[in-house]
>>> print(open('final_32.cif').read())   # mmCIF, C-alpha atoms
data_model
#
loop_
_atom_site.group_PDB
_atom_site.id
_atom_site.type_symbol
_atom_site.label_atom_id
_atom_site.label_comp_id
_atom_site.auth_asym_id
_atom_site.auth_seq_id
_atom_site.Cartn_x
_atom_site.Cartn_y
_atom_site.Cartn_z
ATOM 1 C CA MET A 1 9.584 32.814 27.428
ATOM 2 C CA PRO A 2 13.042 33.627 25.986
ATOM 3 C CA ALA A 3 16.152 31.651 26.809
ATOM 4 C CA GLU A 4 18.512 32.917 29.482
ATOM 5 C CA PRO A 5 21.398 34.933 27.985
ATOM 6 C CA THR A 6 24.016 32.621 29.494
ATOM 7 C CA LEU A 7 22.695 29.514 27.730
ATOM 8 C CA SER A 8 24.560 28.035 24.791
ATOM 9 C CA LEU A 9 21.938 27.421 22.131
ATOM 10 C CA PRO A 10 21.973 24.141 20.198
ATOM 11 C CA TRP A 11 20.911 25.982 17.022
ATOM 12 C CA PRO A 12 20.083 29.604 16.141
ATOM 13 C CA GLY A 13 16.595 30.507 17.302
ATOM 14 C CA ALA A 14 16.218 27.662 19.798
ATOM 15 C CA ARG A 15 14.016 28.569 22.752
ATOM 16 C CA PRO A 16 14.946 26.405 25.767
ATOM 17 C CA LEU A 17 12.780 27.123 28.789
ATOM 18 C CA PRO A 18 14.855 28.880 31.464
ATOM 19 C CA ALA A 19 14.991 27.624 35.038
ATOM 20 C CA ALA A 20 12.669 30.470 36.072
ATOM 21 C CA PHE A 21 9.879 28.926 33.974
ATOM 22 C CA PHE A 22 9.770 25.929 36.327
ATOM 23 C CA ASP A 23 9.851 28.024 39.499
ATOM 24 C CA ARG A 24 6.063 28.236 39.819
ATOM 25 C CA ASP A 25 3.189 26.392 41.474
ATOM 26 C CA ALA A 26 3.086 22.742 40.418
ATOM 27 C CA GLN A 27 -0.456 22.889 39.008
ATOM 28 C CA LEU A 28 0.332 26.014 37.024
ATOM 29 C CA LEU A 29 3.538 24.443 35.753
ATOM 30 C CA ALA A 30 1.638 21.279 34.798
ATOM 31 C CA ARG A 31 -0.737 23.349 32.661
ATOM 32 C CA GLU A 32 1.964 25.566 31.166
ATOM 33 C CA LEU A 33 4.058 22.582 30.080
ATOM 34 C CA LEU A 34 1.274 21.351 27.789
ATOM 35 C CA GLY A 35 2.308 22.134 24.225
ATOM 36 C CA LYS A 36 6.007 22.448 25.080
ATOM 37 C CA VAL A 37 8.439 20.101 23.330
ATOM 38 C CA ILE A 38 10.975 17.822 25.013
ATOM 39 C CA ARG A 39 14.209 17.635 22.982
ATOM 40 C CA HIS A 40 16.732 14.862 23.642
ATOM 41 C CA ARG A 41 19.850 14.480 21.561
ATOM 42 C CA VAL A 42 20.744 10.854 20.866
ATOM 43 C CA GLY A 43 23.774 10.469 18.633
ATOM 44 C CA GLY A 44 23.351 13.013 15.878
ATOM 45 C CA GLN A 45 19.547 13.219 16.141
ATOM 46 C CA TRP A 46 17.214 15.300 18.253
ATOM 47 C CA LEU A 47 14.320 13.090 19.349
ATOM 48 C CA SER A 48 11.360 15.308 20.177
ATOM 49 C CA ALA A 49 7.872 15.002 21.653
ATOM 50 C CA ARG A 50 5.153 17.524 22.447
ATOM 51 C CA ILE A 51 3.848 17.267 26.019
ATOM 52 C CA ILE A 52 0.126 16.414 26.061
ATOM 53 C CA GLU A 53 -0.473 15.109 29.614
ATOM 54 C CA THR A 54 0.959 16.070 33.000
ATOM 55 C CA GLU A 55 0.311 15.474 36.697
ATOM 56 C CA ALA A 56 1.119 17.852 39.556
ATOM 57 C CA TYR A 57 2.449 16.671 42.930
ATOM 58 C CA TYR A 58 3.075 18.506 46.218
ATOM 59 C CA LEU A 59 5.112 17.780 49.328
ATOM 60 C CA VAL A 60 1.915 17.595 51.421
ATOM 61 C CA ASP A 61 0.217 15.327 48.887
ATOM 62 C CA LYS A 62 0.131 11.714 50.090
ATOM 63 C CA GLY A 63 0.460 10.523 46.486
ATOM 64 C CA SER A 64 3.836 12.208 46.007
ATOM 65 C CA HIS A 65 7.272 10.684 46.424
ATOM 66 C CA ALA A 66 8.348 13.775 48.367
ATOM 67 C CA SER A 67 5.728 13.108 51.056
ATOM 68 C CA LEU A 68 7.813 10.090 52.075
ATOM 69 C CA GLY A 69 10.623 12.434 53.110
ATOM 70 C CA TYR A 70 13.973 13.614 51.840
ATOM 71 C CA THR A 71 16.455 11.004 50.644
ATOM 72 C CA GLU A 72 19.482 11.227 48.400
ATOM 73 C CA LYS A 73 17.408 9.590 45.657
ATOM 74 C CA ARG A 74 14.682 12.236 45.978
ATOM 75 C CA LYS A 75 16.989 15.238 46.365
ATOM 76 C CA ALA A 76 16.012 16.736 42.986
ATOM 77 C CA LEU A 77 12.492 17.264 44.334
ATOM 78 C CA PHE A 78 13.844 19.542 47.076
ATOM 79 C CA GLU A 79 16.320 21.655 45.095
ATOM 80 C CA GLY A 80 14.082 24.244 43.446
ATOM 81 C CA GLY A 81 12.349 24.534 40.105
ATOM 82 C CA GLY A 82 13.964 23.090 37.000
ATOM 83 C CA HIS A 83 15.650 19.950 38.311
ATOM 84 C CA ILE A 84 15.070 16.596 36.646
ATOM 85 C CA TYR A 85 13.737 13.802 38.834
ATOM 86 C CA MET A 86 13.550 10.331 37.307
ATOM 87 C CA TYR A 87 12.502 7.036 38.852
ATOM 88 C CA TYR A 88 11.397 3.555 37.816
ATOM 89 C CA ALA A 89 7.668 2.848 37.473
ATOM 90 C CA ARG A 90 6.684 -0.743 36.767
ATOM 91 C CA GLY A 91 10.174 -1.390 35.452
ATOM 92 C CA GLY A 92 10.297 1.635 33.138
ATOM 93 C CA ASP A 93 11.818 5.101 33.432
ATOM 94 C CA SER A 94 9.635 8.097 34.365
ATOM 95 C CA LEU A 95 10.376 11.792 33.890
ATOM 96 C CA ASN A 96 9.530 14.604 36.331
ATOM 97 C CA PHE A 97 10.493 18.261 36.676
ATOM 98 C CA SER A 98 10.716 19.999 40.044
ATOM 99 C CA ALA A 99 8.481 23.033 40.607
ATOM 100 C CA CYS A 100 8.432 25.947 43.049
ATOM 101 C CA GLY A 101 8.704 24.877 46.675
ATOM 102 C CA PRO A 102 10.480 21.917 48.275
ATOM 103 C CA GLY A 103 8.998 18.582 47.254
ATOM 104 C CA ASN A 104 6.715 19.927 44.522
ATOM 105 C CA ALA A 105 6.996 18.561 40.976
ATOM 106 C CA VAL A 106 5.278 17.695 37.703
ATOM 107 C CA LEU A 107 5.224 14.218 36.175
ATOM 108 C CA ILE A 108 5.337 14.149 32.377
ATOM 109 C CA LYS A 109 2.627 11.575 31.829
ATOM 110 C CA SER A 110 2.518 11.374 28.024
ATOM 111 C CA ALA A 111 3.478 13.170 24.842
ATOM 112 C CA HIS A 112 3.139 13.029 21.057
ATOM 113 C CA PRO A 113 6.032 12.779 18.576
ATOM 114 C CA TRP A 114 7.044 16.174 17.237
ATOM 115 C CA PHE A 115 8.571 16.770 13.817
ATOM 116 C CA ASP A 116 10.062 19.956 12.385
ATOM 117 C CA ALA A 117 13.292 21.186 10.794
ATOM 118 C CA ILE A 118 15.265 20.053 13.866
ATOM 119 C CA SER A 119 13.557 16.689 14.357
ATOM 120 C CA ASP A 120 12.666 15.548 10.861
ATOM 121 C CA ALA A 121 10.639 12.518 9.803
ATOM 122 C CA GLN A 122 13.736 10.285 9.966
ATOM 123 C CA THR A 123 13.670 10.534 13.756
ATOM 124 C CA LEU A 124 10.389 8.596 13.757
ATOM 125 C CA ALA A 125 12.201 5.423 12.710
ATOM 126 C CA THR A 126 14.679 5.890 15.576
ATOM 127 C CA MET A 127 11.896 6.356 18.097
ATOM 128 C CA GLN A 128 10.073 3.306 16.794
ATOM 129 C CA ARG A 129 13.245 1.222 17.117
ATOM 130 C CA ASN A 130 13.616 2.465 20.693
ATOM 131 C CA ASN A 131 10.078 1.431 21.601
ATOM 132 C CA PRO A 132 8.661 -1.436 19.492
ATOM 133 C CA ASP A 133 5.409 -3.143 20.430
ATOM 134 C CA ARG A 134 5.204 -6.544 22.147
ATOM 135 C CA LEU A 135 5.680 -8.326 18.827
ATOM 136 C CA GLY A 136 8.727 -6.258 17.949
ATOM 137 C CA GLN A 137 6.813 -4.247 15.349
ATOM 138 C CA PRO A 138 6.845 -0.434 15.008
ATOM 139 C CA ARG A 139 4.263 1.288 17.177
ATOM 140 C CA PRO A 140 1.957 3.822 15.490
ATOM 141 C CA PRO A 141 3.331 7.345 16.114
ATOM 142 C CA GLU A 142 0.385 8.316 18.320
ATOM 143 C CA ARG A 143 1.107 5.377 20.686
ATOM 144 C CA LEU A 144 4.866 5.844 21.014
ATOM 145 C CA CYS A 145 4.656 8.237 23.991
ATOM 146 C CA ALA A 146 1.192 7.338 25.306
ATOM 147 C CA GLY A 147 2.348 6.775 28.892
ATOM 148 C CA GLN A 148 5.161 7.893 31.168
ATOM 149 C CA THR A 149 7.435 4.886 30.626
ATOM 150 C CA LEU A 150 6.680 4.660 26.889
ATOM 151 C CA LEU A 151 7.649 8.328 26.585
ATOM 152 C CA CYS A 152 11.042 7.810 28.204
ATOM 153 C CA LYS A 153 11.740 4.667 26.208
ATOM 154 C CA THR A 154 10.869 6.388 22.939
ATOM 155 C CA LEU A 155 13.093 9.394 23.652
ATOM 156 C CA GLY A 156 15.919 7.316 25.131
ATOM 157 C CA LEU A 157 15.698 8.915 28.590
ATOM 158 C CA LYS A 158 17.276 6.836 31.380
ATOM 159 C CA VAL A 159 17.255 7.207 35.159
ATOM 160 C CA PRO A 160 21.051 6.711 35.614
ATOM 161 C CA GLU A 161 21.860 9.427 33.096
ATOM 162 C CA TRP A 162 19.383 12.165 33.955
ATOM 163 C CA ASP A 163 18.095 11.773 37.520
ATOM 164 C CA ALA A 164 18.957 14.813 39.693
ATOM 165 C CA GLN A 165 20.472 16.673 36.721
ATOM 166 C CA ARG A 166 19.742 20.131 35.315
ATOM 167 C CA PHE A 167 18.731 20.706 31.723
ATOM 168 C CA ASP A 168 21.526 20.875 29.175
ATOM 169 C CA PRO A 169 20.561 22.810 26.018
ATOM 170 C CA LEU A 170 23.080 20.803 24.034
ATOM 171 C CA ARG A 171 21.632 17.435 25.124
ATOM 172 C CA LEU A 172 18.232 17.657 26.866
ATOM 173 C CA PHE A 173 15.823 20.533 27.348
ATOM 174 C CA VAL A 174 12.208 21.622 26.990
ATOM 175 C CA GLU A 175 11.469 24.119 24.227
ATOM 176 C CA ASP A 176 8.737 26.664 23.653
ATOM 177 C CA VAL A 177 7.762 26.137 19.997
ATOM 178 C CA GLY A 178 4.748 28.447 20.199
ATOM 179 C CA GLU A 179 2.117 25.717 20.680
ATOM 180 C CA ARG A 180 -0.595 26.089 23.330
ATOM 181 C CA PRO A 181 -3.677 23.941 23.919
ATOM 182 C CA GLN A 182 -6.986 25.651 23.258
ATOM 183 C CA THR A 183 -8.740 23.509 25.858
ATOM 184 C CA ILE A 184 -7.281 21.688 28.878
ATOM 185 C CA ILE A 185 -8.952 18.801 30.666
ATOM 186 C CA GLN A 186 -8.482 18.719 34.453
ATOM 187 C CA CYS A 187 -9.214 15.470 36.274
ATOM 188 C CA ALA A 188 -7.938 13.044 38.914
ATOM 189 C CA ARG A 189 -4.496 11.513 38.517
ATOM 190 C CA LEU A 190 -3.986 7.917 37.469
ATOM 191 C CA GLY A 191 -2.611 5.022 39.499
ATOM 192 C CA ILE A 192 -2.790 6.682 42.925
ATOM 193 C CA PRO A 193 -3.523 4.076 45.645
ATOM 194 C CA LEU A 194 -6.653 4.436 47.748
ATOM 195 C CA GLY A 195 -6.092 6.689 50.727
ATOM 196 C CA ARG A 196 -3.176 8.513 49.054
ATOM 197 C CA ASP A 197 -5.154 11.577 47.884
ATOM 198 C CA GLU A 198 -6.302 9.746 44.781
ATOM 199 C CA HIS A 199 -9.242 12.161 44.406
ATOM 200 C CA LEU A 200 -7.181 15.309 43.851
ATOM 201 C CA PRO A 201 -7.744 16.779 40.349
ATOM 202 C CA TYR A 202 -4.097 17.337 39.537
ATOM 203 C CA ARG A 203 -3.986 15.715 36.079
ATOM 204 C CA PHE A 204 -3.992 17.963 33.008
ATOM 205 C CA VAL A 205 -4.528 16.866 29.399
ATOM 206 C CA ASP A 206 -4.416 18.790 26.121
ATOM 207 C CA ALA A 207 -7.980 18.144 24.915
ATOM 208 C CA ALA A 208 -6.916 17.961 21.264
ATOM 209 C CA PHE A 209 -4.790 14.904 22.136
ATOM 210 C CA ALA A 210 -7.100 13.251 24.681
ATOM 211 C CA ARG A 211 -7.365 10.068 22.603
ATOM 212 C CA HIS A 212 -3.581 9.688 22.595
ATOM 213 C CA CYS A 213 -2.768 10.158 26.291
ATOM 214 C CA THR A 214 -2.360 7.444 28.940
ATOM 215 C CA ARG A 215 -6.128 7.082 29.405
ATOM 216 C CA ASN A 216 -8.688 9.195 27.608
ATOM 217 C CA PRO A 217 -10.474 11.389 30.183
ATOM 218 C CA LEU A 218 -13.280 11.961 27.654
ATOM 219 C CA ARG A 219 -14.002 8.264 27.138
ATOM 220 C CA ARG A 220 -17.555 6.981 27.230
ATOM 221 C CA GLY A 221 -19.131 7.175 30.669
ATOM 222 C CA GLN A 222 -17.147 10.179 31.870
ATOM 223 C CA VAL A 223 -19.288 13.174 32.858
ATOM 224 C CA GLU A 224 -18.182 16.803 32.748
ATOM 225 C CA GLY A 225 -18.440 18.413 36.171
ATOM 226 C CA ARG A 226 -18.231 15.051 37.906
ATOM 227 C CA ASP A 227 -15.220 13.321 36.343
ATOM 228 C CA TYR A 228 -13.454 16.255 34.700
ATOM 229 C CA ARG A 229 -13.486 20.002 34.055
ATOM 230 C CA LEU A 230 -12.668 21.880 30.871
ATOM 231 C CA LEU A 231 -10.289 24.846 31.199
ATOM 232 C CA ASN A 232 -9.093 27.442 28.745
ATOM 233 C CA ALA A 233 -5.387 27.982 28.087
ATOM 234 C CA GLU A 234 -5.164 30.409 31.022
ATOM 235 C CA GLY A 235 -6.622 27.866 33.432
ATOM 236 C CA GLY A 236 -10.095 29.389 33.716
ATOM 237 C CA GLN A 237 -13.155 27.147 33.457
ATOM 238 C CA ARG A 238 -14.802 27.103 30.041
#
>>> encode(input="final_32.cif", output="structure tokens")
Amino acid sequence: MPAEPTLSLPWPGARPLPAAFFDRDAQLLARELLGKVIRHRVGGQWLSARIIETEAYYLVDKGSHASLGYTEKRKALFEGGGHIYMYYARGGDSLNFSACGPGNAVLIKSAHPWFDAISDAQTLATMQRNNPDRLGQPRPPERLCAGQTLLCKTLGLKVPEWDAQRFDPLRLFVEDVGERPQTIIQCARLGIPLGRDEHLPYRFVDAAFARHCTRNPLRRGQVEGRDYRLLNAEGGQR
């Protein structure tokens, strides 16, 4: 989807997603965001990661923050598609984008470092410094963004700076780089407490990166049709 004419582009040919892209059903948005690239400018570098795992949330969903009601902290969830909603999860920052309809949103669950002419291999060292392992050593690239808080730490995304903000093509945006998953895994979300609609299949994973997401939905013991479904890029069952 092309950028809106009024946007100032960070470089010629950049393709920031317009606000209209996010103004759609949360599950559809969660699927369509797979393969898109988050770009965050830190100093003179663009730190980038391809989205490989998302979760959809609705106002009526007991597992959503919005179901607890409107507050000033949650206002981004009620202001239409394309707002950034960030919060702390287990002490780390988490990134969400509002979808169509009050209270509906998509959590960016995990990603994979992305390198190209804009974000070259030198950005890997920056991301590894941002998010070392428990021993202070560099994490392998495939583990840098393997979880919602690891993703934010790696890209330098902080709640105080970005919560309730709109995208800024000169600092933070999501780009269409022409990548789309061939197969999408649909399954139940992670970490939802019992009795909070934990069964709803609102988690979506790019099958090519299943081993590198928060928790592999294709791990041993998981059964297709019971624990997950396989979808094509358009969302139809394979």
>>> closest_residue(input="final_32.cif", among="A:Pro160, A:Gly43, A:Gly69, A:Pro141", to="Tyr85 (chain A)", atoms="all atoms listed in the file")
A:Pro160
>>> closest_atom_pairs(input="final_32.cif", of="region 85-188 of chain A", to="region 7-26 of chain A", cutoff="6 Å", atoms="only C-alpha atoms", output="Markdown table")
| residue | atom | partner | partner_atom | distance |
| --- | --- | --- | --- | --- |
| A:Ala99 | CA | A:Asp23 | CA | 5.3 |
| A:Cys100 | CA | A:Asp23 | CA | 4.4 |
| A:Ala105 | CA | A:Ala26 | CA | 5.8 |
| A:Leu170 | CA | A:Pro10 | CA | 5.2 |
| A:Val174 | CA | A:Pro16 | CA | 5.6 |
| A:Glu175 | CA | A:Pro16 | CA | 4.4 |
| A:Asp176 | CA | A:Arg15 | CA | 5.7 |
>>> residues_around(input="final_32.cif", residues="Ala210 (chain A)", least_positions_apart="6", cutoff="10 Å", atoms="only C-alpha atoms", output="list in words")
Ile52, Glu53, Ile184, Ile185, Asn216, Pro217, Leu218 and Arg219 of chain A
>>> atom_distance(input="final_32.cif", atom1="CA of Gly221 (chain A)", atom2="CA of Pro113 (chain A)")
28.5 Å
>>> closest_residue(input="final_32.cif", among="A:Leu33, A:Leu150, A:Val177, A:Ala56", to="Cys213 (chain A)", atoms="all atoms listed in the file")
A:Leu150
>>> closest_atom_pairs(input="final_32.cif", of="region 157-187 of chain A", to="region 89-98 of chain A", cutoff="8 Å", atoms="all atoms listed in the file", output="Markdown table")
| residue | atom | partner | partner_atom | distance |
| --- | --- | --- | --- | --- |
| A:Leu157 | CA | A:Asp93 | CA | 7.3 |
| A:Lys158 | CA | A:Asp93 | CA | 6.1 |
| A:Val159 | CA | A:Asp93 | CA | 6.1 |
>>> resolve_selection(input="final_32.cif", expression="the PyMOL selection byres ((chain A and resi 34) around 10)", output="list in words")
Leu29, Ala30, Arg31, Glu32, Leu33, Gly35, Lys36, Val37, Arg50, Ile51, Ile52, Glu53, Thr54, Ile108, Ala111, Glu179, Arg180, Pro181, Ile184, Phe204, Val205, Asp206 and Ala233 of chain A
>>> closest_residue(input="final_32.cif", among="A:His83, A:Arg226, A:Arg203, A:Arg196", to="Leu68 (chain A)", atoms="all atoms listed in the file")
A:Arg196
>>> atom_distance(input="final_32.cif", atom1="CA of Gly195 (chain A)", atom2="CA of Gly63 (chain A)")
8.7 Å
>>> atom_distance(input="final_32.cif", atom1="CA of Gly81 (chain A)", atom2="CA of Arg39 (chain A)")
18.6 Å
>>> resolve_selection(input="final_32.cif", expression="the PyMOL selection byres ((chain A and resi 125-130) around 12)", output="PyMOL selection string")
chain A and resi 40-49+112-115+119-124+131-133+136-145+149-157
>>> closest_residue(input="final_32.cif", among="A:Val60, A:Gln165, A:Gly101, A:Glu55", to="Gly147 (chain A)", atoms="only C-alpha atoms")
A:Glu55
>>> axis_aligned_box(input="final_32.cif", around="region 70-84 of chain A", padding_each_side="8 Å", output="JSON")
{"center_x": 15.9, "center_y": 17.1, "center_z": 44.2, "size_x": 23.1, "size_y": 30.9, "size_z": 31.2}
>>> build_atoms(input="final_32.cif", residues="region 215-226 of chain A", atoms="all heavy atoms", output="PDB file, in the frame of the given file")
ATOM      1  N   ARG A 215      -4.740   7.573  29.360  1.00  0.00           N
ATOM      2  CA  ARG A 215      -6.128   7.082  29.405  1.00  0.00           C
ATOM      3  C   ARG A 215      -7.036   8.257  29.095  1.00  0.00           C
ATOM      4  O   ARG A 215      -6.963   9.296  29.743  1.00  0.00           O
ATOM      5  CB  ARG A 215      -6.455   6.501  30.782  1.00  0.00           C
ATOM      6  CG  ARG A 215      -7.807   5.791  30.841  1.00  0.00           C
ATOM      7  CD  ARG A 215      -8.074   5.244  32.223  1.00  0.00           C
ATOM      8  NE  ARG A 215      -9.292   4.433  32.241  1.00  0.00           N
ATOM      9  CZ  ARG A 215      -9.896   4.031  33.343  1.00  0.00           C
ATOM     10  NH1 ARG A 215      -9.393   4.357  34.534  1.00  0.00           N
ATOM     11  NH2 ARG A 215     -10.980   3.295  33.279  1.00  0.00           N
ATOM     12  N   ASN A 216      -7.865   8.098  28.093  1.00  0.00           N
ATOM     13  CA  ASN A 216      -8.688   9.195  27.608  1.00  0.00           C
ATOM     14  C   ASN A 216      -9.676   9.663  28.677  1.00  0.00           C
ATOM     15  O   ASN A 216     -10.579   8.916  29.062  1.00  0.00           O
ATOM     16  CB  ASN A 216      -9.454   8.741  26.356  1.00  0.00           C
ATOM     17  CG  ASN A 216     -10.203   9.873  25.683  1.00  0.00           C
ATOM     18  OD1 ASN A 216     -10.270  10.990  26.195  1.00  0.00           O
ATOM     19  ND2 ASN A 216     -10.768   9.581  24.520  1.00  0.00           N
ATOM     20  N   PRO A 217      -9.538  10.900  29.158  1.00  0.00           N
ATOM     21  CA  PRO A 217     -10.474  11.389  30.183  1.00  0.00           C
ATOM     22  C   PRO A 217     -11.862  11.704  29.621  1.00  0.00           C
ATOM     23  O   PRO A 217     -12.786  11.945  30.396  1.00  0.00           O
ATOM     24  CB  PRO A 217      -9.784  12.654  30.707  1.00  0.00           C
ATOM     25  CG  PRO A 217      -8.942  13.112  29.557  1.00  0.00           C
ATOM     26  CD  PRO A 217      -8.487  11.880  28.840  1.00  0.00           C
ATOM     27  N   LEU A 218     -12.000  11.690  28.284  1.00  0.00           N
ATOM     28  CA  LEU A 218     -13.280  11.961  27.654  1.00  0.00           C
ATOM     29  C   LEU A 218     -13.942  10.680  27.140  1.00  0.00           C
ATOM     30  O   LEU A 218     -14.881  10.740  26.351  1.00  0.00           O
ATOM     31  CB  LEU A 218     -13.105  12.941  26.488  1.00  0.00           C
ATOM     32  CG  LEU A 218     -12.486  14.297  26.838  1.00  0.00           C
ATOM     33  CD1 LEU A 218     -12.389  15.168  25.593  1.00  0.00           C
ATOM     34  CD2 LEU A 218     -13.264  15.006  27.937  1.00  0.00           C
ATOM     35  N   ARG A 219     -13.443   9.535  27.595  1.00  0.00           N
ATOM     36  CA  ARG A 219     -14.002   8.264  27.138  1.00  0.00           C
ATOM     37  C   ARG A 219     -15.468   8.128  27.566  1.00  0.00           C
ATOM     38  O   ARG A 219     -15.942   8.856  28.452  1.00  0.00           O
ATOM     39  CB  ARG A 219     -13.180   7.093  27.699  1.00  0.00           C
ATOM     40  CG  ARG A 219     -13.256   6.950  29.209  1.00  0.00           C
ATOM     41  CD  ARG A 219     -12.205   5.986  29.730  1.00  0.00           C
ATOM     42  NE  ARG A 219     -12.295   5.842  31.182  1.00  0.00           N
ATOM     43  CZ  ARG A 219     -11.760   6.685  32.050  1.00  0.00           C
ATOM     44  NH1 ARG A 219     -11.100   7.747  31.623  1.00  0.00           N
ATOM     45  NH2 ARG A 219     -11.886   6.478  33.348  1.00  0.00           N
ATOM     46  N   ARG A 220     -16.133   7.204  26.944  1.00  0.00           N
ATOM     47  CA  ARG A 220     -17.555   6.981  27.230  1.00  0.00           C
ATOM     48  C   ARG A 220     -17.776   6.721  28.721  1.00  0.00           C
ATOM     49  O   ARG A 220     -17.039   5.965  29.349  1.00  0.00           O
ATOM     50  CB  ARG A 220     -18.074   5.800  26.416  1.00  0.00           C
ATOM     51  CG  ARG A 220     -19.563   5.513  26.602  1.00  0.00           C
ATOM     52  CD  ARG A 220     -20.021   4.377  25.711  1.00  0.00           C
ATOM     53  NE  ARG A 220     -19.837   4.689  24.295  1.00  0.00           N
ATOM     54  CZ  ARG A 220     -20.171   3.863  23.309  1.00  0.00           C
ATOM     55  NH1 ARG A 220     -20.653   2.650  23.594  1.00  0.00           N
ATOM     56  NH2 ARG A 220     -19.982   4.231  22.056  1.00  0.00           N
ATOM     57  N   GLY A 221     -18.788   7.348  29.261  1.00  0.00           N
ATOM     58  CA  GLY A 221     -19.131   7.175  30.669  1.00  0.00           C
ATOM     59  C   GLY A 221     -18.620   8.273  31.568  1.00  0.00           C
ATOM     60  O   GLY A 221     -19.081   8.403  32.704  1.00  0.00           O
ATOM     61  N   GLN A 222     -17.664   9.078  31.069  1.00  0.00           N
ATOM     62  CA  GLN A 222     -17.147  10.179  31.870  1.00  0.00           C
ATOM     63  C   GLN A 222     -18.060  11.396  31.730  1.00  0.00           C
ATOM     64  O   GLN A 222     -18.536  11.707  30.630  1.00  0.00           O
ATOM     65  CB  GLN A 222     -15.733  10.530  31.428  1.00  0.00           C
ATOM     66  CG  GLN A 222     -14.745   9.385  31.599  1.00  0.00           C
ATOM     67  CD  GLN A 222     -14.579   8.970  33.038  1.00  0.00           C
ATOM     68  OE1 GLN A 222     -13.982   9.674  33.844  1.00  0.00           O
ATOM     69  NE2 GLN A 222     -15.118   7.802  33.377  1.00  0.00           N
ATOM     70  N   VAL A 223     -18.319  12.080  32.825  1.00  0.00           N
ATOM     71  CA  VAL A 223     -19.288  13.174  32.858  1.00  0.00           C
ATOM     72  C   VAL A 223     -18.588  14.471  33.256  1.00  0.00           C
ATOM     73  O   VAL A 223     -17.912  14.527  34.293  1.00  0.00           O
ATOM     74  CB  VAL A 223     -20.432  12.866  33.847  1.00  0.00           C
ATOM     75  CG1 VAL A 223     -21.409  14.033  33.917  1.00  0.00           C
ATOM     76  CG2 VAL A 223     -21.141  11.583  33.453  1.00  0.00           C
ATOM     77  N   GLU A 224     -18.759  15.499  32.426  1.00  0.00           N
ATOM     78  CA  GLU A 224     -18.182  16.803  32.748  1.00  0.00           C
ATOM     79  C   GLU A 224     -18.805  17.341  34.032  1.00  0.00           C
ATOM     80  O   GLU A 224     -20.006  17.251  34.259  1.00  0.00           O
ATOM     81  CB  GLU A 224     -18.424  17.790  31.606  1.00  0.00           C
ATOM     82  CG  GLU A 224     -17.781  19.152  31.843  1.00  0.00           C
ATOM     83  CD  GLU A 224     -17.958  20.111  30.673  1.00  0.00           C
ATOM     84  OE1 GLU A 224     -18.551  19.704  29.646  1.00  0.00           O
ATOM     85  OE2 GLU A 224     -17.511  21.273  30.801  1.00  0.00           O
ATOM     86  N   GLY A 225     -17.978  17.901  34.896  1.00  0.00           N
ATOM     87  CA  GLY A 225     -18.440  18.413  36.171  1.00  0.00           C
ATOM     88  C   GLY A 225     -18.364  17.391  37.284  1.00  0.00           C
ATOM     89  O   GLY A 225     -18.257  17.750  38.452  1.00  0.00           O
ATOM     90  N   ARG A 226     -18.391  16.123  36.920  1.00  0.00           N
ATOM     91  CA  ARG A 226     -18.231  15.051  37.906  1.00  0.00           C
ATOM     92  C   ARG A 226     -16.849  14.408  37.787  1.00  0.00           C
ATOM     93  O   ARG A 226     -16.151  14.259  38.790  1.00  0.00           O
ATOM     94  CB  ARG A 226     -19.315  13.987  37.721  1.00  0.00           C
ATOM     95  CG  ARG A 226     -19.284  12.867  38.763  1.00  0.00           C
ATOM     96  CD  ARG A 226     -20.151  11.692  38.352  1.00  0.00           C
ATOM     97  NE  ARG A 226     -19.573  10.948  37.220  1.00  0.00           N
ATOM     98  CZ  ARG A 226     -20.180   9.938  36.603  1.00  0.00           C
ATOM     99  NH1 ARG A 226     -21.411   9.583  36.981  1.00  0.00           N
ATOM    100  NH2 ARG A 226     -19.586   9.316  35.604  1.00  0.00           N
TER     101      ARG A 226
END
